[in-house]
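Shown here: target.txt, compact mmCIF, N, CA and C atoms.
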# COMPACT_ATOMS: atom_id res chain seq x y z
N MET A 1 5.83 31.68 8.35
CA MET A 1 4.88 30.80 7.72
C MET A 1 4.78 29.52 8.55
N GLY A 2 3.57 29.07 8.83
CA GLY A 2 3.37 27.88 9.63
C GLY A 2 3.47 26.61 8.81
N MET A 3 3.43 25.48 9.52
CA MET A 3 3.52 24.19 8.83
C MET A 3 2.35 23.97 7.88
N ASP A 4 1.16 24.41 8.27
CA ASP A 4 0.00 24.26 7.40
C ASP A 4 0.22 24.99 6.08
N ASP A 5 0.80 26.19 6.15
CA ASP A 5 1.09 26.96 4.93
C ASP A 5 2.10 26.22 4.05
N ASP A 6 3.11 25.61 4.68
CA ASP A 6 4.11 24.85 3.92
C ASP A 6 3.46 23.70 3.18
N PHE A 7 2.53 22.99 3.87
CA PHE A 7 1.85 21.87 3.23
C PHE A 7 0.98 22.35 2.08
N LEU A 8 0.32 23.48 2.24
CA LEU A 8 -0.52 24.02 1.17
C LEU A 8 0.33 24.40 -0.05
N LEU A 9 1.47 25.01 0.19
CA LEU A 9 2.37 25.36 -0.91
C LEU A 9 2.89 24.11 -1.61
N GLU A 10 3.21 23.09 -0.81
CA GLU A 10 3.70 21.83 -1.37
C GLU A 10 2.61 21.17 -2.23
N ASP A 11 1.38 21.17 -1.73
CA ASP A 11 0.26 20.60 -2.49
C ASP A 11 0.04 21.36 -3.78
N GLU A 12 0.13 22.69 -3.72
CA GLU A 12 -0.06 23.51 -4.91
C GLU A 12 1.04 23.23 -5.93
N ASP A 13 2.27 23.08 -5.46
CA ASP A 13 3.38 22.77 -6.37
C ASP A 13 3.19 21.39 -6.99
N ASP A 14 2.73 20.42 -6.20
CA ASP A 14 2.47 19.09 -6.74
C ASP A 14 1.41 19.15 -7.83
N GLU A 15 0.35 19.94 -7.60
CA GLU A 15 -0.70 20.09 -8.60
C GLU A 15 -0.14 20.66 -9.90
N LYS A 16 0.71 21.69 -9.78
CA LYS A 16 1.32 22.30 -10.97
C LYS A 16 2.22 21.30 -11.67
N THR A 17 2.96 20.51 -10.90
CA THR A 17 3.85 19.50 -11.48
C THR A 17 3.03 18.47 -12.26
N ILE A 18 1.95 17.98 -11.66
CA ILE A 18 1.11 16.97 -12.31
C ILE A 18 0.50 17.53 -13.59
N GLU A 19 0.01 18.77 -13.55
CA GLU A 19 -0.56 19.38 -14.76
C GLU A 19 0.50 19.50 -15.85
N PHE A 20 1.72 19.90 -15.46
CA PHE A 20 2.81 20.01 -16.43
C PHE A 20 3.10 18.65 -17.05
N ILE A 21 3.19 17.62 -16.22
CA ILE A 21 3.48 16.27 -16.71
C ILE A 21 2.38 15.81 -17.67
N LYS A 22 1.12 16.04 -17.31
CA LYS A 22 0.02 15.62 -18.18
C LYS A 22 0.11 16.30 -19.55
N ASN A 23 0.50 17.56 -19.56
CA ASN A 23 0.67 18.28 -20.83
C ASN A 23 1.93 17.83 -21.58
N TYR A 24 2.92 17.38 -20.83
CA TYR A 24 4.21 16.96 -21.42
C TYR A 24 4.10 15.60 -22.10
N LEU A 25 3.24 14.73 -21.59
CA LEU A 25 3.14 13.37 -22.12
C LEU A 25 2.79 13.37 -23.60
N PRO A 26 3.36 12.43 -24.35
CA PRO A 26 2.99 12.30 -25.76
C PRO A 26 1.49 12.02 -25.90
N GLN A 27 0.94 12.37 -27.05
CA GLN A 27 -0.50 12.26 -27.26
C GLN A 27 -1.04 10.87 -26.92
N ASP A 28 -0.30 9.81 -27.30
CA ASP A 28 -0.79 8.45 -27.06
C ASP A 28 -0.77 8.05 -25.58
N LEU A 29 -0.12 8.86 -24.74
CA LEU A 29 -0.09 8.55 -23.30
C LEU A 29 -0.99 9.49 -22.49
N LYS A 30 -1.52 10.53 -23.13
CA LYS A 30 -2.43 11.42 -22.41
C LYS A 30 -3.65 10.61 -22.01
N GLY A 31 -4.01 10.66 -20.76
CA GLY A 31 -5.14 9.89 -20.26
C GLY A 31 -4.77 8.47 -19.85
N LYS A 32 -3.52 8.07 -20.06
CA LYS A 32 -3.06 6.72 -19.71
C LYS A 32 -3.01 6.54 -18.19
N PHE A 33 -2.55 7.58 -17.50
CA PHE A 33 -2.38 7.50 -16.06
C PHE A 33 -3.43 8.36 -15.36
N SER A 34 -3.98 7.83 -14.28
CA SER A 34 -4.90 8.63 -13.46
C SER A 34 -4.09 9.65 -12.67
N ASP A 35 -4.77 10.66 -12.15
CA ASP A 35 -4.09 11.64 -11.30
C ASP A 35 -3.46 10.94 -10.09
N ASP A 36 -4.18 9.97 -9.52
CA ASP A 36 -3.64 9.24 -8.38
C ASP A 36 -2.35 8.52 -8.74
N GLU A 37 -2.30 7.92 -9.92
CA GLU A 37 -1.08 7.24 -10.35
C GLU A 37 0.05 8.23 -10.56
N LEU A 38 -0.26 9.39 -11.12
CA LEU A 38 0.79 10.41 -11.32
C LEU A 38 1.29 10.95 -9.99
N TYR A 39 0.39 11.19 -9.04
CA TYR A 39 0.82 11.64 -7.70
C TYR A 39 1.68 10.56 -7.03
N TYR A 40 1.29 9.30 -7.21
CA TYR A 40 2.05 8.19 -6.66
C TYR A 40 3.47 8.18 -7.24
N MET A 41 3.56 8.31 -8.57
CA MET A 41 4.88 8.33 -9.22
C MET A 41 5.68 9.54 -8.79
N LEU A 42 5.03 10.70 -8.66
CA LEU A 42 5.73 11.89 -8.20
C LEU A 42 6.29 11.68 -6.80
N ASP A 43 5.52 11.06 -5.92
CA ASP A 43 6.01 10.76 -4.57
C ASP A 43 7.23 9.84 -4.64
N LEU A 44 7.20 8.86 -5.54
CA LEU A 44 8.34 7.95 -5.67
C LEU A 44 9.56 8.66 -6.24
N ILE A 45 9.35 9.60 -7.16
CA ILE A 45 10.47 10.37 -7.71
C ILE A 45 11.14 11.15 -6.58
N VAL A 46 10.33 11.83 -5.77
CA VAL A 46 10.87 12.60 -4.64
C VAL A 46 11.57 11.67 -3.66
N ASP A 47 10.96 10.50 -3.40
CA ASP A 47 11.57 9.51 -2.52
C ASP A 47 12.92 9.07 -3.07
N TYR A 48 12.99 8.83 -4.37
CA TYR A 48 14.25 8.43 -4.99
C TYR A 48 15.30 9.53 -4.79
N TYR A 49 14.92 10.77 -5.05
CA TYR A 49 15.87 11.88 -4.90
C TYR A 49 16.42 11.95 -3.47
N THR A 50 15.55 11.74 -2.49
CA THR A 50 15.98 11.91 -1.10
C THR A 50 16.73 10.71 -0.55
N THR A 51 16.52 9.51 -1.11
CA THR A 51 17.15 8.32 -0.56
C THR A 51 18.35 7.82 -1.36
N SER A 52 18.47 8.23 -2.61
CA SER A 52 19.52 7.69 -3.47
C SER A 52 20.87 8.36 -3.27
N GLY A 53 20.85 9.55 -2.67
CA GLY A 53 22.10 10.29 -2.51
C GLY A 53 22.46 11.13 -3.71
N CYS A 54 21.64 11.08 -4.77
CA CYS A 54 21.99 11.83 -5.99
C CYS A 54 21.99 13.34 -5.74
N LEU A 55 21.21 13.81 -4.78
CA LEU A 55 21.19 15.24 -4.49
C LEU A 55 22.41 15.69 -3.71
N ASP A 56 23.15 14.72 -3.16
CA ASP A 56 24.37 15.04 -2.43
C ASP A 56 25.59 15.06 -3.35
N ALA A 57 25.40 14.66 -4.61
CA ALA A 57 26.52 14.61 -5.56
C ALA A 57 27.02 16.02 -5.87
N GLN A 58 28.28 16.07 -6.23
CA GLN A 58 28.88 17.35 -6.59
C GLN A 58 28.48 17.73 -8.01
N PRO A 59 28.05 18.98 -8.22
CA PRO A 59 27.71 19.41 -9.58
C PRO A 59 28.94 19.42 -10.48
N ASP A 60 28.70 19.28 -11.79
CA ASP A 60 29.79 19.34 -12.75
C ASP A 60 30.21 20.80 -12.96
N GLU A 61 31.09 21.03 -13.93
CA GLU A 61 31.62 22.38 -14.17
C GLU A 61 30.52 23.39 -14.50
N GLU A 62 29.43 22.90 -15.10
CA GLU A 62 28.33 23.79 -15.49
C GLU A 62 27.27 23.92 -14.39
N GLY A 63 27.49 23.27 -13.25
CA GLY A 63 26.57 23.37 -12.14
C GLY A 63 25.46 22.34 -12.14
N TYR A 64 25.57 21.32 -12.99
CA TYR A 64 24.52 20.30 -13.08
C TYR A 64 24.90 19.04 -12.32
N ILE A 65 23.89 18.37 -11.81
CA ILE A 65 24.07 17.06 -11.19
C ILE A 65 23.51 16.03 -12.16
N ASN A 66 24.29 15.01 -12.45
CA ASN A 66 23.85 13.97 -13.38
C ASN A 66 22.91 13.01 -12.65
N ILE A 67 21.67 12.95 -13.11
CA ILE A 67 20.68 12.05 -12.53
C ILE A 67 20.25 11.08 -13.62
N ASP A 68 20.40 9.80 -13.34
CA ASP A 68 20.08 8.76 -14.31
C ASP A 68 18.57 8.50 -14.31
N GLN A 69 17.91 8.95 -15.37
CA GLN A 69 16.46 8.79 -15.46
C GLN A 69 16.05 7.32 -15.50
N ASP A 70 16.87 6.47 -16.10
CA ASP A 70 16.55 5.04 -16.15
C ASP A 70 16.51 4.43 -14.75
N GLU A 71 17.40 4.89 -13.88
CA GLU A 71 17.39 4.40 -12.50
C GLU A 71 16.10 4.80 -11.78
N ILE A 72 15.64 6.02 -12.04
CA ILE A 72 14.39 6.48 -11.42
C ILE A 72 13.22 5.64 -11.94
N VAL A 73 13.21 5.40 -13.25
CA VAL A 73 12.14 4.58 -13.84
C VAL A 73 12.13 3.19 -13.21
N ASN A 74 13.30 2.58 -13.11
CA ASN A 74 13.40 1.25 -12.51
C ASN A 74 12.94 1.26 -11.05
N TYR A 75 13.27 2.33 -10.34
CA TYR A 75 12.84 2.47 -8.95
C TYR A 75 11.31 2.53 -8.87
N ILE A 76 10.71 3.35 -9.72
CA ILE A 76 9.24 3.49 -9.72
C ILE A 76 8.58 2.17 -10.05
N VAL A 77 9.04 1.50 -11.10
CA VAL A 77 8.44 0.23 -11.52
C VAL A 77 8.58 -0.81 -10.41
N GLY A 78 9.75 -0.87 -9.77
CA GLY A 78 9.99 -1.84 -8.70
C GLY A 78 9.14 -1.57 -7.47
N GLU A 79 9.09 -0.30 -7.05
CA GLU A 79 8.29 0.07 -5.87
C GLU A 79 6.80 -0.15 -6.15
N ALA A 80 6.36 0.17 -7.35
CA ALA A 80 4.95 -0.01 -7.70
C ALA A 80 4.57 -1.48 -7.63
N LYS A 81 5.48 -2.34 -8.07
CA LYS A 81 5.21 -3.78 -8.01
C LYS A 81 5.07 -4.22 -6.56
N LYS A 82 5.99 -3.74 -5.70
CA LYS A 82 5.93 -4.08 -4.27
C LYS A 82 4.65 -3.56 -3.62
N ASP A 83 4.21 -2.38 -4.06
CA ASP A 83 3.03 -1.74 -3.46
C ASP A 83 1.71 -2.20 -4.08
N GLY A 84 1.79 -3.08 -5.09
CA GLY A 84 0.57 -3.55 -5.75
C GLY A 84 -0.05 -2.51 -6.67
N MET A 85 0.76 -1.57 -7.12
CA MET A 85 0.30 -0.56 -8.08
C MET A 85 0.72 -1.00 -9.47
N GLY A 86 0.08 -0.42 -10.47
CA GLY A 86 0.47 -0.74 -11.84
C GLY A 86 -0.10 -2.05 -12.30
N PRO A 87 0.60 -2.85 -13.08
CA PRO A 87 2.01 -2.69 -13.45
C PRO A 87 2.18 -1.53 -14.42
N PHE A 88 3.33 -0.89 -14.32
CA PHE A 88 3.64 0.23 -15.18
C PHE A 88 4.68 -0.18 -16.21
N ASN A 89 4.48 0.26 -17.43
CA ASN A 89 5.42 0.02 -18.52
C ASN A 89 6.58 1.01 -18.35
N PRO A 90 7.83 0.51 -18.24
CA PRO A 90 8.97 1.41 -18.03
C PRO A 90 9.10 2.47 -19.13
N ASP A 91 8.78 2.12 -20.37
CA ASP A 91 8.89 3.10 -21.46
C ASP A 91 7.90 4.25 -21.27
N GLU A 92 6.73 3.96 -20.70
CA GLU A 92 5.73 4.99 -20.45
C GLU A 92 6.08 5.81 -19.21
N VAL A 93 6.59 5.15 -18.19
CA VAL A 93 7.00 5.84 -16.95
C VAL A 93 8.14 6.81 -17.25
N PHE A 94 8.98 6.46 -18.21
CA PHE A 94 10.11 7.32 -18.58
C PHE A 94 9.63 8.73 -18.94
N PHE A 95 8.49 8.82 -19.65
CA PHE A 95 7.96 10.13 -20.03
C PHE A 95 7.48 10.91 -18.81
N VAL A 96 6.97 10.23 -17.80
CA VAL A 96 6.56 10.89 -16.57
C VAL A 96 7.79 11.46 -15.86
N VAL A 97 8.85 10.66 -15.79
CA VAL A 97 10.10 11.10 -15.16
C VAL A 97 10.67 12.30 -15.92
N GLN A 98 10.68 12.21 -17.25
CA GLN A 98 11.17 13.33 -18.06
C GLN A 98 10.34 14.58 -17.82
N GLY A 99 9.02 14.40 -17.76
CA GLY A 99 8.13 15.54 -17.52
C GLY A 99 8.40 16.21 -16.19
N GLU A 100 8.65 15.40 -15.16
CA GLU A 100 8.95 15.97 -13.84
C GLU A 100 10.25 16.76 -13.89
N MET A 101 11.24 16.22 -14.59
CA MET A 101 12.53 16.92 -14.69
C MET A 101 12.39 18.21 -15.51
N GLU A 102 11.62 18.15 -16.58
CA GLU A 102 11.40 19.34 -17.41
C GLU A 102 10.67 20.42 -16.62
N TYR A 103 9.72 19.99 -15.78
CA TYR A 103 9.03 20.97 -14.94
C TYR A 103 10.03 21.65 -14.02
N GLY A 104 10.87 20.86 -13.38
CA GLY A 104 11.89 21.43 -12.50
C GLY A 104 12.81 22.37 -13.23
N ASN A 105 13.20 22.00 -14.45
CA ASN A 105 14.06 22.86 -15.26
C ASN A 105 13.34 24.15 -15.64
N SER A 106 12.06 24.07 -15.91
CA SER A 106 11.30 25.27 -16.34
C SER A 106 11.20 26.29 -15.20
N LEU A 107 11.27 25.83 -13.96
CA LEU A 107 11.19 26.75 -12.83
C LEU A 107 12.42 27.63 -12.75
N GLY A 108 13.54 27.13 -13.28
CA GLY A 108 14.78 27.90 -13.23
C GLY A 108 14.97 28.84 -14.40
N GLU A 109 14.07 28.75 -15.39
CA GLU A 109 14.20 29.60 -16.58
C GLU A 109 13.57 30.97 -16.31
N VAL A 110 14.21 31.98 -16.86
CA VAL A 110 13.69 33.34 -16.74
C VAL A 110 12.95 33.65 -18.03
N GLU A 111 11.73 34.15 -17.87
CA GLU A 111 10.94 34.48 -19.07
C GLU A 111 11.23 35.87 -19.53
Could you take the file, read its structure, and then write that structure out as structure tokens?
Amino acid sequence: MGMDDDFLLEDEDDEKTIEFIKNYLPQDLKGKFSDDELYYMLDLIVDYYTTSGCLDAQPDEEGYINIDQDEIVNYIVGEAKKDGMGPFNPDEVFFVVQGEMEYGNSLGEVE
């Protein structure tokens, strides 16, 4: 598979993630964020995972890595402020972070 194929698969996965998050959000937050804002937050979540070292942590006895969602929310809100995006309400961003994690968890479930 070439690099172009990898990018297409990555884009398709991002689209599925964004759709999942939009469906995951509570009713009062549906329509709150534009697709561009959700893609921006998704990029920051991935950036947090790759730069924070949390993915290098050792899993617990059950095979899970503890990831602090509040830290991710704070990272997104802080980066958005620096980038001139938002401002985003941390309580609302928390649902986006939860939705991204739930999407990741759903990929590991067997139907």
query: How far is it from atom CA of A:Lys32 to atom N of A:Ile67, in Å with one decimal?
result: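 Atom N of A:Ile67 lies at a distance of 26.3 Å from atom CA of A:Lys32.
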message: Could you check the closest approach to A:Asp36 for each of A:Glu92, A:Asp14, A:Asp56, A:Glu79 and tell me which residue wins, using only C-alpha atoms?
response: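 Smallest distance to A:Asp36 is found for A:Asp14.
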- prompt: What separation in Å, quoted to one decimal, exists between atom CA of A:Phe95 and atom C of A:Asp13?
  reply: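 According to the coordinates, atom CA of A:Phe95 and atom C of A:Asp13 are separated by 17.9 Å.
Put simply, atom CA of A:Tyr64 is 25.5 Å away from atom CA of A:Lys22.
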- request: Identify all residues of stretch 5-105 of chain A in helix (DSSP H, G or I) (DSSP on the backbone) and supply them as a ChimeraX atom specification.
  value: /A:5-24,27-29,35-52,54-56,69-83,90-105
- request: Go through A:Gln69, A:Gly99, A:Ile45, A:Asn105 one by one, measure the shortest atom-to-atom distance of each to A:Phe20 using only C-alpha atoms, and give the residue with the smallest value.
  value: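 Result for the nearest residue to A:Phe20: A:Gly99.
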With 4 Å added on each side, what axis-aligned box encloses every listed atom of stretch 42-45 of chain A? Give the centre and edge lengths in Å to one decimal, as JSON.
{"center_x": 8.1, "center_y": 9.9, "center_z": -6.6, "size_x": 14.1, "size_y": 11.9, "size_z": 12.1}
